[in-house]
Every structure is written in structure tokens, then in C-alpha cells.
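Structure below is target-v3.cif: mmCIF, C-alpha atoms and all ligand atoms.
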data_final
loop_
_atom_site.label_atom_id
_atom_site.label_comp_id
_atom_site.auth_asym_id
_atom_site.auth_seq_id
_atom_site.Cartn_x
_atom_site.Cartn_y
_atom_site.Cartn_z
CA MET F 1 66.51 51.05 -66.43
CA ALA F 2 64.13 48.60 -68.08
CA PHE F 3 63.11 47.25 -64.66
CA ILE F 4 61.93 50.71 -63.59
CA LYS F 5 59.68 51.04 -66.62
CA HIS F 6 58.35 47.56 -66.00
CA ARG F 7 57.52 48.37 -62.38
CA ASN F 8 55.40 51.42 -63.22
CA GLU F 9 53.55 49.43 -65.86
CA ASN F 10 52.78 46.81 -63.20
CA PRO F 11 51.92 48.89 -60.14
CA LEU F 12 51.72 47.44 -56.65
CA LYS F 13 48.32 46.37 -55.43
CA ASN F 14 46.76 47.55 -52.17
CA VAL F 15 48.47 50.95 -52.10
CA MET F 16 47.19 54.37 -53.13
CA PRO F 17 47.74 55.10 -56.83
CA ILE F 18 50.51 57.69 -56.37
CA MET F 19 52.57 55.21 -54.32
CA ALA F 20 52.00 52.19 -56.53
CA GLY F 21 54.94 52.81 -58.82
CA LEU F 22 58.44 54.20 -58.64
CA GLY F 23 59.76 57.73 -58.63
CA SER F 24 58.39 60.72 -56.83
CA PRO F 25 54.62 60.31 -56.20
CA GLN F 26 53.13 60.30 -59.70
CA GLU F 27 50.79 63.25 -59.28
CA MET F 28 51.29 64.54 -62.80
CA VAL F 29 50.14 61.30 -64.40
CA VAL F 30 47.59 59.95 -61.94
CA HIS F 31 44.18 61.60 -62.21
CA ASP F 32 42.50 59.64 -59.43
CA GLU F 33 42.74 62.04 -56.47
CA GLN F 34 40.16 60.38 -54.25
CA TRP F 35 42.80 59.38 -51.72
CA HIS F 36 44.23 62.89 -51.28
CA THR F 37 40.99 64.85 -51.51
CA GLU F 38 39.08 62.65 -49.10
CA ASN F 39 41.81 61.67 -46.62
CA PHE F 40 43.85 64.85 -46.39
CA VAL F 41 42.17 67.89 -44.85
CA TRP F 42 41.14 71.12 -46.56
CA GLY F 43 41.53 74.76 -45.55
CA ASN F 44 43.95 75.42 -42.71
CA ALA F 45 44.34 71.64 -42.16
CA ARG F 46 40.75 71.45 -40.88
CA VAL F 47 38.07 69.78 -42.94
CA ARG F 48 37.92 66.23 -44.21
CA ARG F 49 35.56 65.92 -47.21
CA LYS F 50 34.30 62.36 -47.44
CA GLY F 51 32.44 61.79 -50.70
CA PHE F 52 34.11 64.78 -52.40
CA TRP F 53 35.55 62.75 -55.26
CA THR F 54 32.61 62.26 -57.61
CA GLU F 55 32.61 61.30 -61.30
CA GLU F 56 31.89 64.90 -62.18
CA VAL F 57 34.90 66.20 -60.20
CA SER F 58 37.06 63.44 -61.62
CA GLU F 59 36.11 64.37 -65.18
CA GLN F 60 36.57 68.09 -64.59
CA TRP F 61 39.97 67.71 -62.92
CA THR F 62 41.17 65.25 -65.54
CA ASN F 63 40.26 67.73 -68.28
CA THR F 64 42.03 70.52 -66.41
CA MET F 65 45.24 68.54 -66.04
CA GLU F 66 45.19 67.24 -69.59
CA SER F 67 44.62 70.67 -71.06
CA MET F 68 47.22 72.44 -68.90
CA ARG F 69 49.90 69.72 -68.80
CA THR F 70 51.96 70.26 -71.92
CA ARG F 71 54.44 67.43 -71.35
CA LEU F 72 55.92 65.20 -68.69
CA LEU F 73 59.42 66.06 -67.43
CA SER F 74 62.30 64.28 -65.74
CA CYS F 75 65.22 65.42 -63.68
CA TYR F 76 68.28 65.24 -65.95
CA ASN F 77 68.06 62.10 -68.09
CA CYS F 78 66.07 60.00 -65.63
CA PRO F 79 63.45 57.93 -67.45
CA MET F 80 60.78 58.29 -64.75
CA LYS F 81 59.19 61.62 -65.77
CA CYS F 82 57.82 62.51 -62.32
CA GLY F 83 57.26 66.18 -63.14
CA ALA F 84 55.32 68.05 -65.78
CA ALA F 85 55.37 71.35 -67.63
CA ILE F 86 52.13 73.18 -66.78
CA SER F 87 50.90 75.96 -68.99
CA VAL F 88 47.77 77.69 -67.76
CA ASP F 89 47.05 80.27 -70.45
CA THR F 90 49.50 80.03 -73.24
CA ARG F 91 51.66 77.17 -74.35
CA MET F 92 54.55 79.65 -74.55
CA CYS F 93 54.80 80.19 -70.80
CA SER F 94 54.94 77.14 -68.59
CA TYR F 95 56.31 76.12 -65.22
CA MET F 96 57.48 72.84 -63.71
CA MET F 97 55.33 71.04 -61.17
CA LYS F 98 55.55 67.71 -59.40
CA CYS F 99 54.14 65.78 -56.51
CA PHE F 100 51.60 67.08 -53.95
CA SER F 101 52.05 70.75 -54.97
CA LYS F 102 49.33 69.84 -57.49
CA LEU F 103 46.72 70.02 -54.72
CA THR F 104 47.97 72.20 -51.88
CA TYR F 105 46.52 75.53 -53.10
CA THR F 106 43.34 73.87 -54.33
CA MET F 107 42.66 72.27 -50.96
CA ALA F 108 43.78 75.22 -48.83
CA ALA F 109 41.33 77.50 -50.67
CA PHE F 110 38.47 74.94 -51.01
CA SER F 111 38.66 75.49 -54.75
CA ASP F 112 39.29 73.33 -57.83
CA LEU F 113 42.30 72.04 -59.72
CA GLU F 114 42.22 74.83 -62.29
CA PHE F 115 42.67 77.44 -59.55
CA GLY F 116 45.40 75.31 -57.95
CA LEU F 117 47.43 75.07 -61.16
CA ARG F 118 46.93 78.76 -61.95
CA ILE F 119 48.03 80.16 -58.59
CA ALA F 120 50.88 77.65 -58.38
CA GLN F 121 52.37 79.32 -61.47
CA LYS F 122 52.51 82.69 -59.71
CA ALA F 123 53.72 81.11 -56.49
CA THR F 124 56.43 79.14 -58.31
CA GLU F 125 57.60 82.26 -60.14
CA HIS F 126 57.79 84.08 -56.80
CA GLY F 127 59.72 81.16 -55.30
CA VAL F 128 57.45 80.35 -52.36
CA ASP F 129 56.97 76.73 -51.36
CA ALA F 130 53.79 74.77 -51.93
CA PHE F 131 53.30 73.58 -48.34
CA SER F 132 53.75 76.48 -45.95
CA ALA F 133 52.46 79.23 -48.25
CA PRO F 134 48.96 77.86 -48.93
CA GLN F 135 48.54 76.78 -45.29
CA THR F 136 49.57 80.22 -44.11
CA MET F 137 47.04 81.82 -46.45
CA ALA F 138 44.29 79.49 -45.20
CA PHE F 139 45.36 80.36 -41.64
CA ALA F 140 44.89 84.08 -42.47
CA ILE F 141 41.40 83.37 -43.83
CA GLU F 142 40.51 81.54 -40.60
CA LEU F 143 41.77 84.46 -38.53
CA LEU F 144 39.57 86.80 -40.57
CA GLU F 145 36.55 84.56 -40.09
CA ALA F 146 37.28 84.42 -36.35
CA GLY F 147 37.60 88.21 -36.11
CA ILE F 148 41.22 88.03 -35.00
CA LEU F 149 42.20 89.80 -38.20
CA THR F 150 39.81 92.49 -39.42
CA ASP F 151 39.10 94.30 -42.68
CA GLU F 152 41.58 96.96 -41.59
CA ASP F 153 44.33 94.33 -41.68
CA VAL F 154 43.46 93.36 -45.26
CA PRO F 155 42.52 96.61 -47.06
CA GLY F 156 41.39 95.98 -50.62
CA MET F 157 41.17 92.22 -50.32
CA PRO F 158 38.60 90.74 -52.74
CA SER F 159 35.70 88.80 -51.27
CA ASP F 160 35.84 85.64 -53.43
CA LYS F 161 37.85 82.70 -52.11
CA GLU F 162 40.25 82.52 -55.06
CA GLY F 163 40.75 86.29 -55.18
CA ARG F 164 41.63 86.34 -51.48
CA PHE F 165 44.40 83.79 -52.07
CA TYR F 166 45.89 85.76 -54.98
CA TRP F 167 45.72 88.92 -52.85
CA LEU F 168 47.45 87.23 -49.91
CA LEU F 169 50.13 85.72 -52.14
CA ASP F 170 51.00 89.13 -53.53
CA ARG F 171 51.19 90.68 -50.05
CA ILE F 172 53.30 87.82 -48.67
CA VAL F 173 55.90 87.83 -51.44
CA ARG F 174 56.19 91.62 -51.27
CA ARG F 175 56.09 91.60 -47.46
CA GLU F 176 53.48 94.31 -47.52
CA GLY F 177 51.19 94.95 -44.53
CA ILE F 178 49.78 91.70 -43.17
CA GLY F 179 51.87 89.89 -45.79
CA ASP F 180 55.00 90.84 -43.85
CA VAL F 181 53.59 89.11 -40.78
CA LEU F 182 52.39 86.03 -42.69
CA ALA F 183 55.60 85.60 -44.65
CA ASP F 184 57.30 83.91 -41.69
CA GLY F 185 54.71 81.10 -41.55
CA THR F 186 51.86 80.32 -39.19
CA TYR F 187 53.82 79.87 -35.96
CA TRP F 188 55.68 83.15 -36.07
CA ALA F 189 52.76 85.05 -37.58
CA ALA F 190 50.53 83.85 -34.73
CA GLU F 191 53.06 85.05 -32.20
CA ARG F 192 53.11 88.53 -33.76
CA ILE F 193 49.33 88.73 -34.23
CA GLY F 194 48.44 87.44 -30.73
CA LYS F 195 44.75 87.68 -29.67
CA GLY F 196 44.45 83.91 -29.66
CA ALA F 197 45.93 83.43 -33.14
CA GLU F 198 48.29 80.84 -31.63
CA GLU F 199 45.40 78.35 -31.47
CA TYR F 200 45.05 78.57 -35.25
CA ALA F 201 48.71 77.73 -35.94
CA HIS F 202 47.80 74.16 -35.15
CA ASN F 203 49.55 72.11 -37.81
CA CYS F 204 53.22 72.69 -37.05
CA ILE F 205 56.02 70.50 -35.82
CA LYS F 206 59.10 72.33 -34.64
CA LYS F 207 57.36 75.53 -35.78
CA THR F 208 57.09 74.35 -39.40
CA GLU F 209 53.86 73.61 -41.29
CA GLN F 210 53.20 69.93 -41.95
CA LEU F 211 51.15 67.79 -44.32
CA PRO F 212 47.45 68.65 -43.91
CA LEU F 213 46.49 65.33 -42.44
CA LYS F 214 44.28 64.55 -39.41
CA LEU F 215 43.61 60.95 -38.48
CA GLY F 216 41.81 58.89 -35.87
CA MET F 217 44.19 56.51 -34.14
CA LEU F 218 47.79 57.02 -33.06
CA ASN F 219 50.30 55.08 -35.13
CA GLN F 220 53.53 54.32 -33.28
CA MET F 221 55.79 54.46 -36.34
CA TYR F 222 54.33 57.73 -37.54
CA PHE F 223 54.44 59.21 -34.05
CA LEU F 224 58.19 58.60 -33.97
CA MET F 225 58.73 59.88 -37.49
CA TYR F 226 56.75 63.05 -36.85
CA CYS F 227 58.37 63.73 -33.48
CA THR F 228 62.00 62.93 -34.03
CA GLY F 229 62.55 63.86 -37.66
CA GLU F 230 65.12 66.58 -37.92
CA LYS F 231 64.04 67.82 -41.31
CA ALA F 232 61.06 69.99 -42.11
CA ASN F 233 58.56 67.35 -43.14
CA ILE F 234 57.66 63.70 -42.58
CA THR F 235 58.07 62.88 -46.28
CA GLN F 236 61.79 63.18 -45.61
CA ILE F 237 61.65 60.11 -43.39
CA GLU F 238 58.80 57.83 -44.43
CA GLY F 239 59.44 55.29 -47.11
CA ASN F 240 60.01 51.62 -47.71
CA PHE F 241 57.62 50.15 -45.11
CA PRO F 242 53.95 50.28 -46.24
CA GLN F 243 51.96 53.04 -44.59
CA ALA F 244 49.08 50.72 -43.67
CA PRO F 245 48.50 46.97 -43.41
CA PHE F 246 46.97 45.15 -46.36
CA PRO F 247 43.54 43.61 -45.63
CA THR F 248 44.49 39.91 -45.69
CA ARG F 249 47.48 37.84 -44.59
CA GLU F 250 47.59 36.34 -48.04
CA GLU F 251 48.05 39.79 -49.59
CA ARG F 252 50.69 40.70 -47.04
CA GLU F 253 52.62 37.50 -47.65
CA ASP F 254 52.37 38.08 -51.36
CA PHE F 255 54.00 41.49 -50.80
CA THR F 256 56.82 40.18 -48.58
CA ARG F 257 57.60 37.25 -50.91
CA ASN F 258 59.56 39.58 -53.17
CA TRP F 259 60.95 42.11 -50.68
CA PRO F 260 64.76 41.92 -50.61
CA HIS F 261 64.93 45.56 -49.49
CA VAL F 262 64.39 44.87 -45.77
CA PRO F 263 67.42 44.89 -43.47
CA ASP F 264 66.50 41.41 -42.20
CA GLU F 265 63.63 38.90 -42.04
CA ARG F 266 62.04 40.42 -38.91
CA PHE F 267 60.72 43.31 -40.97
CA LYS F 268 58.78 40.89 -43.20
CA GLN F 269 57.27 39.24 -40.14
CA TRP F 270 56.24 42.59 -38.67
CA PHE F 271 54.41 43.45 -41.89
CA GLU F 272 52.81 40.03 -42.31
CA ASP F 273 51.46 40.15 -38.74
CA TRP F 274 50.17 43.72 -39.00
CA GLU F 275 46.35 43.69 -39.07
CA LEU F 276 43.76 46.34 -39.86
CA ARG F 277 41.90 45.54 -36.62
CA GLY F 278 42.36 43.60 -33.42
CA GLU F 279 45.35 42.91 -31.22
CA ASN F 280 47.90 43.38 -33.99
CA SER F 281 46.66 46.77 -35.17
CA ILE F 282 47.50 50.38 -34.31
CA PRO F 283 48.14 51.76 -31.72
CA ASN F 284 49.58 48.55 -30.20
CA TYR F 285 51.23 47.11 -33.26
CA PRO F 286 53.96 47.19 -34.48
CA SER F 287 55.46 47.29 -30.99
CA ALA F 288 57.60 50.16 -29.75
CA GLU F 289 60.73 48.10 -30.40
CA ALA F 290 59.67 47.13 -33.94
CA SER F 291 58.60 50.70 -34.66
CA CYS F 292 62.06 51.94 -33.65
CA GLU F 293 63.69 49.52 -36.09
CA ILE F 294 61.32 50.41 -38.94
CA VAL F 295 61.66 54.17 -38.43
CA ASN F 296 65.42 53.84 -38.16
CA TRP F 297 65.57 51.84 -41.42
CA GLN F 298 63.46 54.37 -43.33
CA GLU F 299 65.41 57.26 -41.94
CA LYS F 300 68.72 55.57 -42.78
CA MET F 301 67.69 55.24 -46.41
CA HIS F 302 66.82 58.93 -46.62
CA TYR F 303 70.12 59.97 -45.08
CA ILE F 304 71.99 57.82 -47.63
CA ASP F 305 70.07 59.48 -50.46
CA ASP F 306 70.68 62.94 -49.06
CA SER F 307 74.41 62.46 -48.78
CA THR F 308 74.87 60.79 -52.17
CA GLY F 309 72.46 62.89 -54.20
CA MET F 310 70.40 59.81 -55.03
CA CYS F 311 66.76 60.61 -55.81
CA ALA F 312 64.48 59.42 -53.00
CA GLY F 313 62.05 58.38 -55.73
CA LEU F 314 64.33 55.51 -56.67
CA SER F 315 65.55 54.57 -53.21
CA SER F 316 64.21 55.73 -49.85
CA PHE F 317 60.62 56.69 -50.71
CA PRO F 318 58.83 53.99 -52.78
CA TYR F 319 57.94 50.61 -51.36
CA LYS F 320 60.09 48.45 -53.62
CA PRO F 321 62.78 50.63 -55.17
CA PRO F 322 65.66 49.44 -57.36
CA PHE F 323 68.26 50.77 -54.87
CA HIS F 324 68.32 49.59 -51.28
CA ILE F 325 70.61 48.90 -48.33
CA HIS F 326 71.91 45.64 -49.83
CA ASN F 327 73.06 47.06 -53.18
CA LEU F 328 73.81 50.69 -52.35
CA PRO F 329 77.17 50.01 -50.61
CA GLU F 330 78.57 48.47 -53.80
CA LEU F 331 77.08 51.19 -55.97
CA ILE F 332 78.46 54.01 -53.81
CA SER F 333 81.83 52.26 -53.61
CA ALA F 334 81.97 52.05 -57.40
CA GLY F 335 81.11 55.72 -57.79
CA ALA F 336 83.02 57.26 -54.90
CA GLY F 337 85.96 54.89 -54.55
CA LEU F 338 85.15 54.33 -50.87
CA GLU F 339 85.43 50.84 -49.44
CA LEU F 340 81.91 50.38 -48.11
CA ASP F 341 79.80 47.51 -46.89
CA GLU F 342 76.42 47.65 -45.16
CA GLU F 343 77.96 48.07 -41.73
CA SER F 344 80.26 50.93 -42.68
CA LEU F 345 77.55 52.67 -44.73
CA THR F 346 75.21 52.38 -41.74
CA HIS F 347 77.93 53.86 -39.54
CA LEU F 348 78.28 56.87 -41.87
CA THR F 349 74.51 57.31 -41.90
CA ARG F 350 74.37 57.33 -38.10
CA ARG F 351 77.20 59.83 -38.05
CA ASN F 352 75.41 62.17 -40.46
CA ARG F 353 72.17 61.74 -38.54
CA ASP F 354 73.75 62.62 -35.21
CA LEU F 355 75.57 65.59 -36.70
CA VAL F 356 72.28 67.03 -37.96
CA ARG F 357 70.76 66.44 -34.53
CA ALA F 358 73.78 67.95 -32.80
CA ASN F 359 73.37 71.13 -34.81
CA ASN F 360 69.71 71.41 -33.79
CA ILE F 361 70.57 70.59 -30.16
CA ARG F 362 73.12 73.42 -30.16
CA ARG F 363 70.33 75.70 -31.29
CA GLY F 364 68.11 74.69 -28.39
CA MET F 365 66.03 71.74 -29.63
CA ARG F 366 65.02 69.30 -26.87
CA ARG F 367 62.48 66.58 -26.14
CA ALA F 368 59.71 69.14 -25.56
CA ASP F 369 60.00 70.18 -29.23
CA GLU F 370 59.51 66.61 -30.45
CA ALA F 371 55.74 66.51 -30.60
CA PRO F 372 53.24 66.05 -33.43
CA PRO F 373 50.44 68.61 -33.86
CA ALA F 374 48.11 68.10 -30.87
CA ASP F 375 45.18 67.32 -33.20
CA HIS F 376 47.05 65.05 -35.61
CA TRP F 377 45.26 61.99 -34.18
CA LYS F 378 41.95 62.04 -32.35
CA ARG F 379 42.95 59.16 -30.10
CA ARG F 380 46.17 59.80 -28.21
CA PHE F 381 47.98 57.76 -25.54
CA PRO F 382 50.28 60.00 -23.48
CA GLU F 383 51.93 57.18 -21.54
CA LEU F 384 52.59 55.14 -24.66
CA GLU F 385 53.94 58.22 -26.41
CA GLU F 386 56.39 58.93 -23.58
CA LYS F 387 57.50 55.30 -23.67
CA LEU F 388 57.96 55.51 -27.43
CA LEU F 389 60.22 58.53 -27.16
CA ASP F 390 62.22 56.91 -24.32
CA THR F 391 62.64 53.73 -26.35
CA TYR F 392 63.63 55.50 -29.55
CA TYR F 393 66.09 57.79 -27.80
CA GLU F 394 67.75 54.81 -26.17
CA PHE F 395 67.78 52.92 -29.48
CA LYS F 396 69.50 55.90 -31.14
CA GLY F 397 72.05 56.40 -28.36
CA TRP F 398 70.49 59.66 -27.14
CA ASN F 399 69.71 60.61 -23.57
CA LEU F 400 66.20 61.28 -22.27
CA GLU F 401 66.28 64.83 -23.63
CA GLY F 402 67.15 63.56 -27.10
CA VAL F 403 70.81 64.63 -26.90
CA PRO F 404 73.34 62.17 -28.37
CA THR F 405 75.28 60.74 -25.44
CA ARG F 406 78.99 61.05 -24.96
CA THR F 407 79.33 57.31 -25.59
CA SER F 408 77.49 57.31 -28.90
CA LEU F 409 79.26 60.44 -30.13
CA HIS F 410 82.56 58.77 -29.24
CA GLU F 411 81.56 55.64 -31.22
CA LEU F 412 80.81 57.84 -34.22
CA GLY F 413 84.15 59.65 -34.06
CA LEU F 414 82.45 62.90 -33.11
CA GLU F 415 84.65 63.90 -30.20
CA TYR F 416 84.56 67.50 -31.34
CA VAL F 417 80.78 67.47 -30.82
CA VAL F 418 81.31 66.14 -27.28
CA GLU F 419 83.73 68.98 -26.68
CA ASP F 420 81.31 71.52 -28.12
CA PHE F 421 78.44 70.18 -26.00
CA ARG F 422 80.64 70.26 -22.92
CA GLU F 423 81.69 73.87 -23.53
CA ARG F 424 78.06 74.91 -24.00
CA GLY F 425 76.98 73.02 -20.88
CA ILE F 426 74.73 70.71 -22.92
CA LEU F 427 76.44 67.53 -21.68
CA LYS F 428 77.98 67.18 -18.25
CA ALA F 429 80.42 64.46 -17.32
CA ASP F 430 77.50 62.17 -16.45
CA GLU F 431 75.78 63.07 -19.76
CA GLU F 432 72.88 64.88 -18.14
CA VAL F 433 71.35 67.82 -20.00
CA VAL F 434 71.95 71.11 -18.26
CA GLY F 435 69.36 73.06 -20.23
CA GLN F 436 68.72 75.37 -23.08
CA ALA F 437 69.83 78.50 -21.28
CA ALA F 438 73.40 77.30 -21.49
CA THR F 439 73.45 77.27 -25.30
CA SER F 440 75.12 80.26 -26.83
CA GLU F 441 72.97 80.40 -29.98
CA GLY F 442 69.74 81.09 -28.14
CA SER F 443 66.46 79.24 -28.38
CA GLU F 444 64.95 80.48 -31.63
CA SER F 445 64.55 77.04 -33.13
S1 LIG Q 501 65.20 61.81 -60.55
FE1 LIG Q 501 63.58 61.10 -59.14
S2 LIG Q 501 62.03 62.74 -59.11
FE2 LIG Q 501 63.35 63.06 -60.93
S3 LIG Q 501 62.28 62.04 -62.62
FE3 LIG Q 501 63.75 60.55 -61.75
S4 LIG Q 501 62.64 59.38 -60.17
FE4 LIG Q 501 61.45 61.21 -60.68
#
Translate this file's structure into C-alpha cells.
Amino acid sequence: MAFIKHRNENPLKNVMPIMAGLGSPQEMVVHDEQWHTENFVWGNARVRRKGFWTEEVSEQWTNTMESMRTRLLSCYNCPMKCGAAISVDTRMCSYMMKCFSKLTYTMAAFSDLEFGLRIAQKATEHGVDAFSAPQTMAFAIELLEAGILTDEDVPGMPSDKEGRFYWLLDRIVRREGIGDVLADGTYWAAERIGKGAEEYAHNCIKKTEQLPLKLGMLNQMYFLMYCTGEKANITQIEGNFPQAPFPTREEREDFTRNWPHVPDERFKQWFEDWELRGENSIPNYPSAEASCEIVNWQEKMHYIDDSTGMCAGLSSFPYKPPFHIHNLPELISAGAGLELDEESLTHLTRRNRDLVRANNIRRGMRRADEAPPADHWKRRFPELEEKLLDTYYEFKGWNLEGVPTRTSLHELGLEYVVEDFRERGILKADEEVVGQAATSEGSES
């Protein structure tokens, strides 16, 4: 593991601090939160606060973390120490935290890190997640401010911003009053509340809350990842390809010089040619075809990790991890006794991927569900977006509704899925989609 230690002592240049090393994003060690606090949005995924990260805030938040973080922690005997024990009042009672949960309550409530670490202890002890819960609470505050919820809906709620979050957390975990409505998340709560609340549940994909991020220009790769990902959040798909181009060709070539992780040399070229501005920038570059390949590669790596129990922090998530598509087949073969090479491992990944999709298709998911939040990017391109979905579906062996075709299911040895789809009327002999009404498990998804 010496190479892992070495890599975090020599972080990558040109990438945000939490992504510069290995492991899960190093939120417990990195104090510089300018990138998150100024690029992600606060409240109910609403407000971007440029200039928020001042020296004073930096000093205050660093002191908070250093006084409340009692030690760094790893999963099992991993040397990376991505998590930390946080102790807010007494060093006798601590909880484990890692990654972006450090900031989700802070930013949802427009508060500071001390509040975020304090409420996260209660939330962690109650077992609620750090993404949906704070966004749902911020959603409730917006509904109150808009008059959609009234004082009668929140009897006894304190008036200060931190107190309101503690009050909401208690109601949600006990499913009391408005907490019972909010406990299902923003989409379902909005449906029950009505009165225009639906407009405020604006940061969901497939009815699940997403990263609080609002950007300017459509990015083809991220459009595909957001739309077609089967899992709850984009972090389950994004990974080895840098999230943005580096400023100069020289810097990009320096990055690709030592990049054995890519499936083939085209991926290096796509990154080297990717510019911040001009013809080779978003939304036109990378092309739809290149974006399909890049998304597919990143997704493949995550599906390998998921099925082997490998930590994404050492494989599918960082930019230059120790484990990648060229050494994982041998590693998995050694551990599992399976005869695997890249082709057969890729085949298994496709099979897993299509099985996950098949399950969601049975439950009613279709193309119409594969959409990012309407306000995720300011500048949208409906025709390009339709073309992207068409191209990706074809690339994956799915029909225009996103249903795996009979041919691709056959190639993957999933004849029983073909049979199931046929019985439910999802696939006809010519592989057309009949419609959601024909599914027997309803359309709740
Ligand atoms: S297993 Fe993964 S998340 Fe856990 S400490 Fe190691 S690299 Fe970090």
C-alpha cells in the first residue's frame, strides 16, 4: 500500500482538493471548503454564495473541525483513513463521519460547520441520511416562507434557523405531524402537501434528492450520468475521467502521460482536446459518441466495485486509482477463482447493469423518468439532449424507451428477463415498448 500513501502526499494538480488524492473524498482532512461552499448551492438547492469562503470563515471552520475531530478512521484495516470520529461535546461520545455529510446540514440551514457537525450527530444516531434529510428540511423552510405551510403545520417550532432544523429532524424521525409527511422526501411530501409545493421539490431525479448543484452550461457526460444512472445519486457513476478540462494542453498532456487506467488511447485524446472555451468545450465537446464511451467506462468501474465489494475510493471514484480495468480481472480471478479477462469482466458488468435496469423497468421506469432537475443547468439544449439519450440507449443495447432489447438480453444470457418482459407486455416480438400500464408492479417508481 506504499503507493497509496505516496499518492496522497503528492496530490494531483488542477483538481479540487478533495479529489486530489485517493480514497473517499478527503473531507475530514481537507479544511479548504471554498470549492464546495461557493460552487454547490445552499438552502433547498437554491443559492450560490460566491465570495463566502473568507479567511475568517476558513479559520473558524478549521478550528471547529480540529476541536471536534478526535481521530481519523478507516474502514477495516485500510490505510487511507477517509473517515473521522467526531465528538461535539464530550470526548466520550463520538460518531463516525466521512465525505460530503460534513457540509450538507450546514449548507441546507445557511449555518456554520459547528452546527453541521452537531446536528449530524443526532441525525446519524437516528439513522437518517445526510443528503435527503437536510434538503427535505430546507424544502420545508421554503414552504413556510412561501406560505404553503403555515404556523399551524409546525406548532412549537423555534424561530432561529438552527432550532428549526433540530425541530424538523425530531418530527421527521418520529413521523409526528408534518414530520410524517416530510419523512418520505421532497417529491412525495410535495405530492401530499399540494398547493404548489411540487414546484419546490425541484432537485430530484427519479423522485430522489440529488447533490445541491446548479450550473450554467449543459455538460453531455454529466447529462447522461444524471439521466440514465440507475442508482440514487450521480456519485455512484462519476469517476475516473476528470470533471472539467485543465486550463492548458500542456497540463492535460502531463495528466494523460501517466494514465494507464483508460480503456484505450482514445480516452486520452478526448481529454487532451477538451478545452475550457471554444469549439472543443461544453456543451459540444466531448461529442455524444465520446460521452457515451466515457460514461460507460465510469459506470462499468462502479458496477465492478459494487459486485466485488471493492471500495470506490480505491477504484471507480478517484482519477488515478491503484485498481483499474487492466489489473482488476487478474485480482478478481486470484480472489474468486474465476477465469476472467477484461472482455469477460466487461460482459459480467453489462449483465449486472442490465439486470438492475430490468428491475427498474419492471417497476415502470421509462425514458420520461430519465431527466435531470429542470434547473440543473441554466443553458439547456432539448434537441441535443434527445440525441444524447438516443445515442446512449443505442450504445447500451436499449430501445428508444430505455428498455434492454431482446437481442442484447440474449447476448447477456438473460433469456428469463426477455420472458418476463414478454409476459408483462414490456417487449413485443418486434421489441417495441407497450407501456407502463402493462406492468404488474404498478408505477410507483
Ligand atoms: S475502504 Fe475506502 S472509504 Fe474506507 S478508508 Fe479505505 S479508501 Fe477510504
Skip Ala312 in chain F itself and residues of its chain fewer than 2 positions away, then list as a list in words all residues within 10 Å of it, counting only C-alpha atoms.
Leu22, Gly23, Ser24, Thr235, Gln236, Gly239, Met301, His302, Tyr303, Ile304, Asp305, Asp306, Gly309, Met310, Leu314, Ser315, Ser316, Phe317, Pro318, Pro321 and Phe323 of chain F
So that I can see what lies close to range 33-35 of chain F, please list as a list in words the residues with an atom at most 10 Å from it, counting all atoms listed in the file and leaving out residues fewer than 5 positions away in the same chain.
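Once the nearby chain positions are removed, what remains is Met16, Pro17, Ile18, Glu27, Phe40, Lys50, Gly51, Phe52, Trp53, Thr54, Val57, Ser58, Trp61, Thr62 and Leu103 of chain F.
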Which polymer residues, protein or nucleic acid, are no farther than 10 Å from (57.4, 67.2, -39.6), counting only C-alpha atoms, as a PyMOL selection string?
chain F and resi 203-211+225-237+370-373
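Pocket residues of ligand LIG 501 (chain Q), taken as those with any atom at most 6 Å away using all atoms listed in the file, are Gly23, Ser24, Ser74, Cys75, Cys78, Met80, Lys81, Cys82, Cys311, Gly313 and Leu314 of chain F.
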Give the answer as one residue: which of F:Asn399, F:Ala108, F:Thr349, F:Asn77 has the shortest atom-to-atom distance to Arg48 in chain F, using all atoms listed in the file?
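Selected residue with least distance to Arg48 in chain F: F:Ala108.
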With only C-alpha atoms as the counted atoms, please give the residues lying no more than 10 Å from Leu72 in chain F, apart from itself and same-chain residues fewer than 4 positions off, as number ranges by chain.
F: 28-29, 80-86, 96-98
Need the axis-aligned box for range 419-427 of chain F with 8 Å each side, so what are the centre and edges in Å to one decimal, as AutoDock Vina command-line options?
--center_x 79.2 --center_y 71.2 --center_z -24.5 --size_x 25.0 --size_y 23.4 --size_z 23.2
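Residue nearest Leu169 in chain F within the list F:Gly194, F:Gly278, F:Pro134, F:Gly147: F:Pro134 [criterion: smallest interatomic distance, all atoms listed in the file].
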What is the distance between CA of Met157 in chain F and CA of Leu117 in chain F, in Å to one decimal?
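Going from CA of Met157 in chain F over to CA of Leu117 in chain F, I get 21.2 Å.
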List the spatial neighbours of Val15 in chain F as a PyMOL selection string - criterion: any atom at most 10 Å away, all atoms listed in the file, same-chain residues fewer than 4 positions off excluded.
chain F and resi 11+19-21+242-246+319
Report as a short mmCIF file (atom, residue, chain, number, x, y, z; two decimals) with C-alpha atoms, keeping the file's coordinate frame all protein, DNA and RNA residues lying within 9 Å of Glu251 in chain F, evaluated on only C-alpha atoms, omitting residues in the same chain fewer than 4 positions from it.
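So result_1.cif came out as:
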data_model
loop_
_atom_site.label_atom_id
_atom_site.label_comp_id
_atom_site.auth_asym_id
_atom_site.auth_seq_id
_atom_site.Cartn_x
_atom_site.Cartn_y
_atom_site.Cartn_z
CA LYS F 13 48.32 46.37 -55.43
CA ASN F 14 46.76 47.55 -52.17
CA PHE F 246 46.97 45.15 -46.36
CA PRO F 247 43.54 43.61 -45.63
CA PHE F 255 54.00 41.49 -50.80
CA THR F 256 56.82 40.18 -48.58
CA GLU F 272 52.81 40.03 -42.31
#
Of F:Lys428, F:Ser132, F:Leu355, F:Ser159, the one nearest to Tyr416 in chain F when counting only C-alpha atoms is F:Leu355
Taking only C-alpha atoms into account, name the residue in F:Cys99, F:Ile426, F:Leu12, F:Ala45 that is nearest to Pro25 in chain F.
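Counting only C-alpha atoms, the residue closest to Pro25 in chain F is F:Cys99.
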Residue nearest Glu293 in chain F among F:Ile172, F:Val154, F:Val262, F:Val30 (counting all atoms listed in the file)
F:Val262
May I ask which of the residues F:Leu338, F:Met221, F:Met107, F:Ala189 is the closest one to Ser291 in chain F, counting only C-alpha atoms?
F:Met221
Go ahead and compute the interatomic distance for CA of Pro283 in chain F and CA of Leu218 in chain F, in Å to one decimal.
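These atoms are spaced 5.4 Å apart.
Rounded to one decimal, CA of Ser101 in chain F and CA of Phe131 in chain F lie 7.3 Å from each other.
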